[in-house]
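Participant: Provided below: final.txt, containing compact mmCIF, N, CA and C atoms.
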```txt
# COMPACT_ATOMS: atom_id res chain seq x y z
N MET T 390 0.82 -1.19 0.00
CA MET T 390 0.00 0.00 0.00
C MET T 390 0.87 1.25 0.00
N GLY T 391 1.86 1.36 0.84
CA GLY T 391 2.77 2.49 0.83
C GLY T 391 2.27 3.70 1.59
N LEU T 392 3.10 4.70 1.63
CA LEU T 392 2.79 5.95 2.32
C LEU T 392 2.88 7.12 1.34
N SER T 393 2.00 8.10 1.53
CA SER T 393 2.03 9.31 0.73
C SER T 393 2.47 10.48 1.60
N TYR T 394 3.20 11.40 0.97
CA TYR T 394 3.70 12.58 1.65
C TYR T 394 3.45 13.81 0.80
N LEU T 395 3.17 14.91 1.44
CA LEU T 395 3.18 16.21 0.80
C LEU T 395 4.32 16.97 1.45
N ARG T 396 5.24 17.45 0.63
CA ARG T 396 6.36 18.23 1.16
C ARG T 396 6.29 19.62 0.55
N ILE T 397 6.45 20.61 1.40
CA ILE T 397 6.37 21.99 0.97
C ILE T 397 7.73 22.62 1.20
N ILE T 398 8.28 23.19 0.13
CA ILE T 398 9.63 23.73 0.16
C ILE T 398 9.67 25.11 -0.49
N SER T 399 10.76 25.82 -0.26
CA SER T 399 11.02 27.08 -0.94
C SER T 399 11.61 26.78 -2.31
N GLY T 400 11.52 27.72 -3.21
CA GLY T 400 12.17 27.57 -4.51
C GLY T 400 13.68 27.80 -4.44
N LEU T 401 14.17 28.31 -3.31
CA LEU T 401 15.60 28.54 -3.12
C LEU T 401 16.16 27.40 -2.27
N PRO T 402 16.94 26.51 -2.85
CA PRO T 402 17.39 25.30 -2.15
C PRO T 402 18.05 25.52 -0.79
N GLY T 403 18.89 26.53 -0.64
CA GLY T 403 19.61 26.72 0.61
C GLY T 403 18.87 27.52 1.65
N TRP T 404 17.64 27.95 1.35
CA TRP T 404 16.90 28.80 2.29
C TRP T 404 16.42 28.02 3.50
N SER T 405 16.56 28.65 4.65
CA SER T 405 15.99 28.13 5.88
C SER T 405 15.52 29.32 6.69
N PRO T 406 14.32 29.26 7.24
CA PRO T 406 13.81 30.41 7.98
C PRO T 406 14.50 30.58 9.33
N ASP T 407 14.40 31.79 9.87
CA ASP T 407 14.89 31.98 11.24
C ASP T 407 13.97 31.20 12.19
N GLU T 408 14.38 31.09 13.42
CA GLU T 408 13.66 30.25 14.39
C GLU T 408 12.20 30.67 14.56
N ARG T 409 11.97 31.96 14.61
CA ARG T 409 10.60 32.48 14.79
C ARG T 409 9.72 32.09 13.59
N THR T 410 10.22 32.33 12.39
CA THR T 410 9.46 32.01 11.19
C THR T 410 9.25 30.50 11.06
N ALA T 411 10.26 29.71 11.41
CA ALA T 411 10.11 28.26 11.36
C ALA T 411 8.98 27.81 12.29
N GLY T 412 8.91 28.39 13.46
CA GLY T 412 7.84 28.07 14.40
C GLY T 412 6.48 28.46 13.85
N GLN T 413 6.41 29.62 13.22
CA GLN T 413 5.15 30.07 12.63
C GLN T 413 4.72 29.14 11.48
N LEU T 414 5.68 28.71 10.67
CA LEU T 414 5.36 27.79 9.58
C LEU T 414 4.87 26.45 10.11
N ALA T 415 5.53 25.94 11.15
CA ALA T 415 5.11 24.67 11.74
C ALA T 415 3.71 24.77 12.32
N SER T 416 3.44 25.87 13.01
CA SER T 416 2.12 26.08 13.61
C SER T 416 1.05 26.21 12.54
N ALA T 417 1.34 26.97 11.50
CA ALA T 417 0.37 27.13 10.41
C ALA T 417 0.11 25.79 9.71
N ALA T 418 1.15 25.00 9.49
CA ALA T 418 0.98 23.69 8.85
C ALA T 418 0.10 22.79 9.71
N ARG T 419 0.31 22.82 11.02
CA ARG T 419 -0.55 22.01 11.91
C ARG T 419 -2.00 22.49 11.83
N ASP T 420 -2.21 23.81 11.80
CA ASP T 420 -3.57 24.35 11.70
C ASP T 420 -4.23 23.97 10.37
N LEU T 421 -3.45 24.06 9.28
CA LEU T 421 -4.00 23.80 7.95
C LEU T 421 -4.25 22.32 7.69
N PHE T 422 -3.34 21.46 8.13
CA PHE T 422 -3.38 20.05 7.72
C PHE T 422 -3.60 19.05 8.84
N GLY T 423 -3.55 19.50 10.08
CA GLY T 423 -3.60 18.60 11.23
C GLY T 423 -4.79 17.67 11.26
N GLY T 424 -5.96 18.15 10.93
CA GLY T 424 -7.16 17.32 10.96
C GLY T 424 -7.32 16.43 9.75
N ARG T 425 -6.45 16.61 8.75
CA ARG T 425 -6.57 15.85 7.49
C ARG T 425 -5.35 14.99 7.20
N SER T 426 -4.50 14.78 8.19
CA SER T 426 -3.27 14.03 7.94
C SER T 426 -2.91 13.17 9.14
N GLU T 427 -1.84 12.39 8.98
CA GLU T 427 -1.39 11.51 10.06
C GLU T 427 -0.16 12.05 10.79
N GLY T 428 0.31 13.22 10.39
CA GLY T 428 1.45 13.81 11.07
C GLY T 428 2.09 14.91 10.26
N ILE T 429 2.69 15.86 10.97
CA ILE T 429 3.30 17.02 10.32
C ILE T 429 4.63 17.33 10.99
N SER T 430 5.62 17.64 10.18
CA SER T 430 6.89 18.13 10.72
C SER T 430 7.34 19.30 9.86
N ALA T 431 8.12 20.17 10.44
CA ALA T 431 8.71 21.29 9.72
C ALA T 431 10.11 21.44 10.27
N GLU T 432 11.11 21.18 9.43
CA GLU T 432 12.46 21.18 9.96
C GLU T 432 13.51 21.59 8.95
N ASP T 433 14.59 22.12 9.50
CA ASP T 433 15.79 22.39 8.74
C ASP T 433 16.57 21.07 8.72
N ARG T 434 16.81 20.54 7.54
CA ARG T 434 17.48 19.25 7.41
C ARG T 434 18.99 19.34 7.66
N GLY T 435 19.49 20.57 7.84
CA GLY T 435 20.91 20.75 8.12
C GLY T 435 21.79 20.76 6.89
N LYS T 436 21.22 20.40 5.75
CA LYS T 436 21.91 20.41 4.47
C LYS T 436 20.86 20.39 3.38
N ILE T 437 21.26 20.70 2.18
CA ILE T 437 20.33 20.67 1.06
C ILE T 437 20.10 19.21 0.67
N VAL T 438 18.84 18.85 0.48
CA VAL T 438 18.46 17.49 0.09
C VAL T 438 17.59 17.54 -1.16
N PHE T 439 17.56 16.44 -1.90
CA PHE T 439 16.66 16.31 -3.04
C PHE T 439 15.32 15.84 -2.50
N VAL T 440 14.29 16.61 -2.79
CA VAL T 440 12.93 16.29 -2.34
C VAL T 440 12.22 15.71 -3.57
N ASP T 441 12.09 14.39 -3.55
CA ASP T 441 11.63 13.67 -4.74
C ASP T 441 10.17 13.24 -4.63
N GLN T 442 9.70 12.62 -5.69
CA GLN T 442 8.32 12.14 -5.80
C GLN T 442 8.17 10.67 -5.46
N GLY T 443 9.25 10.02 -5.14
CA GLY T 443 9.18 8.58 -4.85
C GLY T 443 8.74 7.81 -6.08
N GLU T 444 7.76 6.95 -5.91
CA GLU T 444 7.25 6.11 -7.00
C GLU T 444 6.58 6.92 -8.10
N TRP T 445 6.25 8.17 -7.82
CA TRP T 445 5.55 9.00 -8.80
C TRP T 445 6.49 9.71 -9.76
N PHE T 446 7.79 9.42 -9.67
CA PHE T 446 8.73 10.01 -10.63
C PHE T 446 8.42 9.47 -12.01
N GLU T 447 8.28 10.37 -12.99
CA GLU T 447 8.02 9.93 -14.36
C GLU T 447 9.12 10.34 -15.32
N GLN T 448 9.43 11.65 -15.35
CA GLN T 448 10.42 12.12 -16.30
C GLN T 448 10.91 13.51 -15.91
N VAL T 449 11.97 13.94 -16.61
CA VAL T 449 12.53 15.26 -16.44
C VAL T 449 12.61 15.88 -17.83
N ARG T 450 12.21 17.15 -17.94
CA ARG T 450 12.24 17.84 -19.23
C ARG T 450 13.04 19.14 -19.11
N CYS T 451 13.54 19.59 -20.23
CA CYS T 451 14.23 20.87 -20.29
C CYS T 451 13.21 21.99 -20.07
N PRO T 452 13.51 22.95 -19.18
CA PRO T 452 12.56 24.03 -18.94
C PRO T 452 12.48 25.03 -20.10
N LYS T 453 13.43 24.99 -21.02
CA LYS T 453 13.40 25.92 -22.15
C LYS T 453 12.70 25.33 -23.37
N CYS T 454 13.16 24.16 -23.83
CA CYS T 454 12.61 23.61 -25.08
C CYS T 454 11.61 22.47 -24.87
N GLY T 455 11.51 21.96 -23.62
CA GLY T 455 10.53 20.92 -23.33
C GLY T 455 10.95 19.51 -23.70
N THR T 456 12.16 19.34 -24.20
CA THR T 456 12.64 18.00 -24.58
C THR T 456 12.84 17.13 -23.34
N ALA T 457 12.43 15.87 -23.44
CA ALA T 457 12.67 14.92 -22.35
C ALA T 457 14.17 14.72 -22.21
N ILE T 458 14.65 14.76 -20.97
CA ILE T 458 16.07 14.61 -20.69
C ILE T 458 16.38 13.15 -20.38
N ASP T 459 17.45 12.65 -20.99
CA ASP T 459 17.87 11.28 -20.77
C ASP T 459 18.14 11.04 -19.28
N ILE T 460 17.57 10.01 -18.74
CA ILE T 460 17.67 9.73 -17.30
C ILE T 460 19.11 9.48 -16.86
N HIS T 461 19.92 8.88 -17.73
CA HIS T 461 21.32 8.63 -17.38
C HIS T 461 22.10 9.94 -17.29
N TRP T 462 21.83 10.88 -18.19
CA TRP T 462 22.46 12.21 -18.12
C TRP T 462 22.08 12.87 -16.81
N TRP T 463 20.78 12.83 -16.48
CA TRP T 463 20.29 13.45 -15.25
C TRP T 463 20.93 12.79 -14.02
N GLN T 464 21.01 11.48 -13.99
CA GLN T 464 21.61 10.78 -12.85
C GLN T 464 23.09 11.16 -12.69
N ASP T 465 23.80 11.29 -13.79
CA ASP T 465 25.20 11.72 -13.71
C ASP T 465 25.32 13.13 -13.13
N ARG T 466 24.43 14.03 -13.53
CA ARG T 466 24.44 15.40 -12.99
C ARG T 466 24.06 15.39 -11.50
N MET T 467 23.14 14.50 -11.13
CA MET T 467 22.77 14.37 -9.72
C MET T 467 23.95 13.87 -8.89
N ASP T 468 24.69 12.91 -9.41
CA ASP T 468 25.88 12.40 -8.71
C ASP T 468 26.90 13.52 -8.51
N GLU T 469 27.12 14.33 -9.55
CA GLU T 469 28.06 15.44 -9.45
C GLU T 469 27.59 16.45 -8.40
N ALA T 470 26.31 16.76 -8.40
CA ALA T 470 25.76 17.72 -7.44
C ALA T 470 25.81 17.16 -6.01
N TYR T 471 25.56 15.88 -5.88
CA TYR T 471 25.63 15.23 -4.56
C TYR T 471 27.03 15.38 -3.97
N ALA T 472 28.04 15.26 -4.82
CA ALA T 472 29.43 15.39 -4.37
C ALA T 472 29.72 16.76 -3.78
N THR T 473 28.92 17.76 -4.14
CA THR T 473 29.09 19.12 -3.60
C THR T 473 28.11 19.39 -2.45
N GLY T 474 27.40 18.36 -2.01
CA GLY T 474 26.37 18.57 -0.99
C GLY T 474 25.18 19.34 -1.55
N PHE T 475 24.97 19.22 -2.85
CA PHE T 475 23.92 19.92 -3.58
C PHE T 475 24.05 21.44 -3.46
N THR T 476 25.26 21.92 -3.26
CA THR T 476 25.47 23.38 -3.22
C THR T 476 25.71 23.94 -4.61
N ASN T 477 26.08 23.08 -5.56
CA ASN T 477 26.24 23.51 -6.95
C ASN T 477 25.28 22.69 -7.80
N LEU T 478 24.19 23.31 -8.20
CA LEU T 478 23.15 22.62 -8.98
C LEU T 478 23.15 23.04 -10.44
N ALA T 479 24.11 23.85 -10.85
CA ALA T 479 24.16 24.37 -12.22
C ALA T 479 24.37 23.25 -13.23
N VAL T 480 23.60 23.31 -14.32
CA VAL T 480 23.73 22.36 -15.43
C VAL T 480 23.47 23.09 -16.74
N ARG T 481 23.95 22.49 -17.82
CA ARG T 481 23.63 22.93 -19.18
C ARG T 481 22.89 21.77 -19.81
N THR T 482 21.68 21.99 -20.25
CA THR T 482 20.89 20.89 -20.79
C THR T 482 21.50 20.34 -22.07
N PRO T 483 21.42 19.02 -22.24
CA PRO T 483 22.03 18.39 -23.42
C PRO T 483 21.27 18.66 -24.71
N CYS T 484 20.02 19.04 -24.61
CA CYS T 484 19.18 19.21 -25.79
C CYS T 484 19.43 20.53 -26.51
N CYS T 485 19.39 21.63 -25.76
CA CYS T 485 19.51 22.94 -26.41
C CYS T 485 20.58 23.82 -25.77
N GLY T 486 21.36 23.23 -24.85
CA GLY T 486 22.45 23.98 -24.23
C GLY T 486 22.01 25.09 -23.31
N PHE T 487 20.84 24.96 -22.73
CA PHE T 487 20.29 25.99 -21.84
C PHE T 487 20.97 25.90 -20.47
N ASP T 488 21.49 27.02 -19.99
CA ASP T 488 22.08 27.09 -18.66
C ASP T 488 20.98 27.25 -17.62
N THR T 489 20.88 26.28 -16.73
CA THR T 489 19.83 26.26 -15.71
C THR T 489 20.38 25.55 -14.49
N SER T 490 19.50 25.03 -13.65
CA SER T 490 19.94 24.26 -12.48
C SER T 490 19.10 23.00 -12.37
N LEU T 491 19.62 22.03 -11.65
CA LEU T 491 18.84 20.81 -11.40
C LEU T 491 17.52 21.15 -10.72
N ASN T 492 17.52 22.19 -9.90
CA ASN T 492 16.31 22.60 -9.19
C ASN T 492 15.25 23.15 -10.15
N ASP T 493 15.69 23.72 -11.26
CA ASP T 493 14.76 24.37 -12.18
C ASP T 493 14.39 23.54 -13.40
N LEU T 494 14.86 22.28 -13.45
CA LEU T 494 14.41 21.40 -14.52
C LEU T 494 12.92 21.15 -14.33
N ASP T 495 12.25 20.74 -15.38
CA ASP T 495 10.81 20.49 -15.35
C ASP T 495 10.58 19.02 -14.97
N TYR T 496 10.34 18.80 -13.67
CA TYR T 496 10.12 17.44 -13.17
C TYR T 496 8.64 17.10 -13.26
N HIS T 497 8.36 15.87 -13.67
CA HIS T 497 6.98 15.40 -13.65
C HIS T 497 6.94 14.11 -12.86
N LEU T 498 6.24 14.15 -11.82
CA LEU T 498 5.63 15.20 -11.04
C LEU T 498 6.70 16.09 -10.41
N PRO T 499 6.29 17.25 -9.84
CA PRO T 499 7.28 18.18 -9.29
C PRO T 499 8.24 17.56 -8.27
N ALA T 500 9.46 18.09 -8.28
CA ALA T 500 10.52 17.73 -7.33
C ALA T 500 11.36 18.98 -7.14
N GLY T 501 12.27 18.95 -6.18
CA GLY T 501 13.14 20.10 -5.98
C GLY T 501 14.16 19.84 -4.91
N PHE T 502 14.92 20.86 -4.60
CA PHE T 502 15.98 20.77 -3.60
C PHE T 502 15.65 21.76 -2.49
N ALA T 503 15.92 21.35 -1.25
CA ALA T 503 15.59 22.22 -0.12
C ALA T 503 16.40 21.86 1.11
N ARG T 504 16.57 22.84 1.95
CA ARG T 504 17.16 22.62 3.26
C ARG T 504 16.04 22.55 4.31
N PHE T 505 15.03 23.41 4.16
CA PHE T 505 13.90 23.44 5.09
C PHE T 505 12.71 22.77 4.41
N VAL T 506 12.11 21.81 5.10
CA VAL T 506 11.01 21.03 4.51
C VAL T 506 9.86 20.92 5.51
N ILE T 507 8.68 21.28 5.04
CA ILE T 507 7.45 20.99 5.79
C ILE T 507 6.93 19.68 5.20
N GLU T 508 6.71 18.69 6.07
CA GLU T 508 6.28 17.38 5.60
C GLU T 508 4.95 17.00 6.25
N VAL T 509 3.99 16.64 5.39
CA VAL T 509 2.66 16.22 5.84
C VAL T 509 2.48 14.77 5.40
N ARG T 510 2.28 13.89 6.37
CA ARG T 510 2.12 12.47 6.07
C ARG T 510 0.65 12.10 5.88
N GLU T 511 0.40 11.38 4.80
CA GLU T 511 -0.94 10.85 4.51
C GLU T 511 -2.02 11.93 4.53
N LEU T 512 -1.79 13.01 3.78
CA LEU T 512 -2.80 14.06 3.64
C LEU T 512 -3.96 13.51 2.84
N GLU T 513 -5.17 13.84 3.25
CA GLU T 513 -6.39 13.32 2.62
C GLU T 513 -6.37 13.35 1.09
N ASN T 514 -6.12 14.50 0.50
CA ASN T 514 -6.17 14.61 -0.96
C ASN T 514 -4.78 14.75 -1.60
N THR T 515 -3.75 14.39 -0.90
CA THR T 515 -2.35 14.40 -1.35
C THR T 515 -1.80 15.81 -1.55
N TYR T 516 -2.55 16.72 -2.13
CA TYR T 516 -2.09 18.08 -2.40
C TYR T 516 -2.80 19.10 -1.51
N ALA T 517 -2.09 20.19 -1.22
CA ALA T 517 -2.68 21.31 -0.51
C ALA T 517 -3.46 22.17 -1.51
N GLU T 518 -4.41 22.92 -1.01
CA GLU T 518 -5.12 23.89 -1.83
C GLU T 518 -4.18 25.06 -2.11
N GLU T 519 -4.37 25.73 -3.22
CA GLU T 519 -3.51 26.86 -3.60
C GLU T 519 -3.48 27.92 -2.51
N GLU T 520 -4.61 28.22 -1.90
CA GLU T 520 -4.65 29.23 -0.85
C GLU T 520 -3.82 28.82 0.36
N GLU T 521 -3.73 27.54 0.63
CA GLU T 521 -2.89 27.07 1.75
C GLU T 521 -1.41 27.32 1.46
N ILE T 522 -1.01 27.10 0.21
CA ILE T 522 0.38 27.36 -0.18
C ILE T 522 0.64 28.87 -0.14
N VAL T 523 -0.31 29.67 -0.57
CA VAL T 523 -0.18 31.14 -0.51
C VAL T 523 -0.01 31.58 0.94
N GLN T 524 -0.78 31.03 1.84
CA GLN T 524 -0.68 31.38 3.26
C GLN T 524 0.71 31.04 3.82
N LEU T 525 1.21 29.86 3.51
CA LEU T 525 2.55 29.48 3.97
C LEU T 525 3.62 30.36 3.33
N SER T 526 3.42 30.73 2.07
CA SER T 526 4.36 31.61 1.37
C SER T 526 4.41 32.98 2.04
N ARG T 527 3.26 33.48 2.45
CA ARG T 527 3.23 34.78 3.15
C ARG T 527 4.03 34.71 4.44
N ILE T 528 3.85 33.65 5.19
CA ILE T 528 4.58 33.49 6.45
C ILE T 528 6.08 33.38 6.18
N ALA T 529 6.45 32.62 5.17
CA ALA T 529 7.86 32.41 4.83
C ALA T 529 8.51 33.66 4.24
N GLY T 530 7.69 34.51 3.65
CA GLY T 530 8.23 35.69 2.99
C GLY T 530 8.84 35.38 1.64
N ARG T 531 8.45 34.26 1.06
CA ARG T 531 8.95 33.83 -0.24
C ARG T 531 8.01 32.76 -0.79
N PRO T 532 8.02 32.55 -2.11
CA PRO T 532 7.16 31.52 -2.69
C PRO T 532 7.53 30.13 -2.20
N MET T 533 6.52 29.38 -1.88
CA MET T 533 6.70 27.98 -1.48
C MET T 533 6.02 27.12 -2.54
N ARG T 534 6.49 25.89 -2.68
CA ARG T 534 5.88 24.98 -3.64
C ARG T 534 5.71 23.61 -3.02
N GLN T 535 4.81 22.85 -3.62
CA GLN T 535 4.51 21.53 -3.04
C GLN T 535 4.97 20.40 -3.94
N ILE T 536 5.37 19.32 -3.24
CA ILE T 536 5.85 18.12 -3.91
C ILE T 536 5.13 16.93 -3.26
N ALA T 537 4.42 16.19 -4.07
CA ALA T 537 3.73 14.99 -3.57
C ALA T 537 4.61 13.78 -3.87
N ALA T 538 4.65 12.85 -2.92
CA ALA T 538 5.47 11.66 -3.08
C ALA T 538 4.74 10.44 -2.52
N HIS T 539 5.07 9.31 -3.10
CA HIS T 539 4.52 8.04 -2.61
C HIS T 539 5.64 7.01 -2.59
N TYR T 540 5.74 6.27 -1.49
CA TYR T 540 6.78 5.25 -1.33
C TYR T 540 6.15 3.93 -0.93
```
Would you put the structure from the file into structure tokens?

Facilitator:
Amino acid sequence: MGLSYLRIISGLPGWSPDERTAGQLASAARDLFGGRSEGISAEDRGKIVFVDQGEWFEQVRCPKCGTAIDIHWWQDRMDEAYATGFTNLAVRTPCCGFDTSLNDLDYHLPAGFARFVIEVRELENTYAEEEEIVQLSRIAGRPMRQIAAHY
């Protein structure tokens, strides 16, 4: 059967809120999702991590031309980035030579890199409502995005 997770992250991989903001984000997440989930955490992971989709990973595309990116090329770039602790995510796409980052590739379903992660386990409808993400973004002072995963 497996477990489903909703993870909410910033678009800036190395961002982590100050202690006060982290507390506000955790409290807001509990208010928003507490009655519809099996557990919530909000934490600084201490390093940048890849926040993936688990079994829901399908493909990666170039954000400029939309071409599907070869999985072996992507895995090699991930290995290189891992060696830097994901502090260097810069890549040039093999299809059209577009300079971008691993964080900004077009993942289907969405994925990303983050240091601070809000995690909601077994949320009723897997995804948060847009207004819930807007509310968390206001508290964070920056855009937040959601990543659904199943393992």

Participant: Kindly give the distance, in Å, that separates atom CA of Arg425 of chain T and atom CA of Ala411 of chain T, rounded to a single decimal.

Facilitator: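 Atom CA of Arg425 of chain T sits 21.1 Å away from atom CA of Ala411 of chain T.
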
Participant: Give me, as JSON lines, the closest atom pair and its distance (Å, one decimal) for every residue of segment 412-514 of chain T within a cut-off of 8 Å of segment 520-534 of chain T, counting only N, CA and C atoms, rows sorted by chain and rising number.

Facilitator:
```
{"residue": "T:Gln413", "atom": "C", "partner": "T:Ile528", "partner_atom": "CA", "distance": 6.7}
{"residue": "T:Leu414", "atom": "N", "partner": "T:Ile528", "partner_atom": "CA", "distance": 6.5}
{"residue": "T:Ala417", "atom": "CA", "partner": "T:Leu525", "partner_atom": "CA", "distance": 7.2}
{"residue": "T:Ala418", "atom": "N", "partner": "T:Leu525", "partner_atom": "CA", "distance": 7.2}
{"residue": "T:Leu421", "atom": "CA", "partner": "T:Glu521", "partner_atom": "CA", "distance": 7.1}
```

Participant: Just checking: using only N, CA and C atoms, which residue out of T:Glu427, T:Asp468, T:Glu432, T:Glu408 ends up closest to Phe505 of chain T?

Facilitator: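 Closest residue, counting only N, CA and C atoms: T:Glu432.
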
Participant: Using only C-alpha atoms, can you tell me which of T:Gly412, T:Pro402, T:Gly424, T:Gly391 comes closest to Glu513 of chain T?

Facilitator: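 The shortest atom-to-atom distance to Glu513 of chain T comes from T:Gly424.
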
Participant: Compare T:Trp445, T:Val509, T:Ala503, T:Met390 by their minimum atom-to-atom distance to His539 of chain T, counting only C-alpha atoms, and give me the closest one.

Facilitator: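 Smallest distance to His539 of chain T is found for T:Trp445.
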
Participant: Neighbours of Gln535 of chain T within 6.5 Å (only N, CA and C atoms; same-chain residues fewer than 3 positions away dropped), as a list of chain:residue names?

Facilitator: T:Leu395, T:Arg396, T:Ile397, T:Ile398, T:Pro499

Participant: Using all atoms listed in the file, can you tell me which of T:Ala431, T:Val438, T:Ser490, T:Ala479 comes closest to Ser416 of chain T?

Facilitator: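 With all atoms listed in the file as the atom set, the closest residue is T:Ala431.
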
Participant: Taking only segment 394-535 of chain T into account, list the residues labelled helix (DSSP H, G or I) by DSSP (computed from the backbone), as a PyMOL selection string.

Facilitator: chain T and resi 408-425+460-472+491-493+519-529

Participant: What's around Thr489 of chain T at 8 Å? Count all atoms listed in the file, leave out sequence neighbours fewer than 4 positions away in its own chain, and write the answer as a list in words.

Facilitator: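 Result of the neighbour search: Pro452, Leu478, Ala479, Val480, Arg481, Thr482, Asp493 and Leu494 of chain T.
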
Participant: Show which residues sit within 8 Å of Cys484 of chain T, as a ChimeraX atom specification. Count only N, CA and C atoms, and ignore same-chain residues fewer than 5 positions away.

Facilitator: /T:451,454,456-459

Participant: Report, in Å with one decimal, the straight-line distance from atom CA of Asp465 of chain T to atom CA of Leu401 of chain T.

Facilitator: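 According to the coordinates, atom CA of Asp465 of chain T and atom CA of Leu401 of chain T are separated by 22.1 Å.
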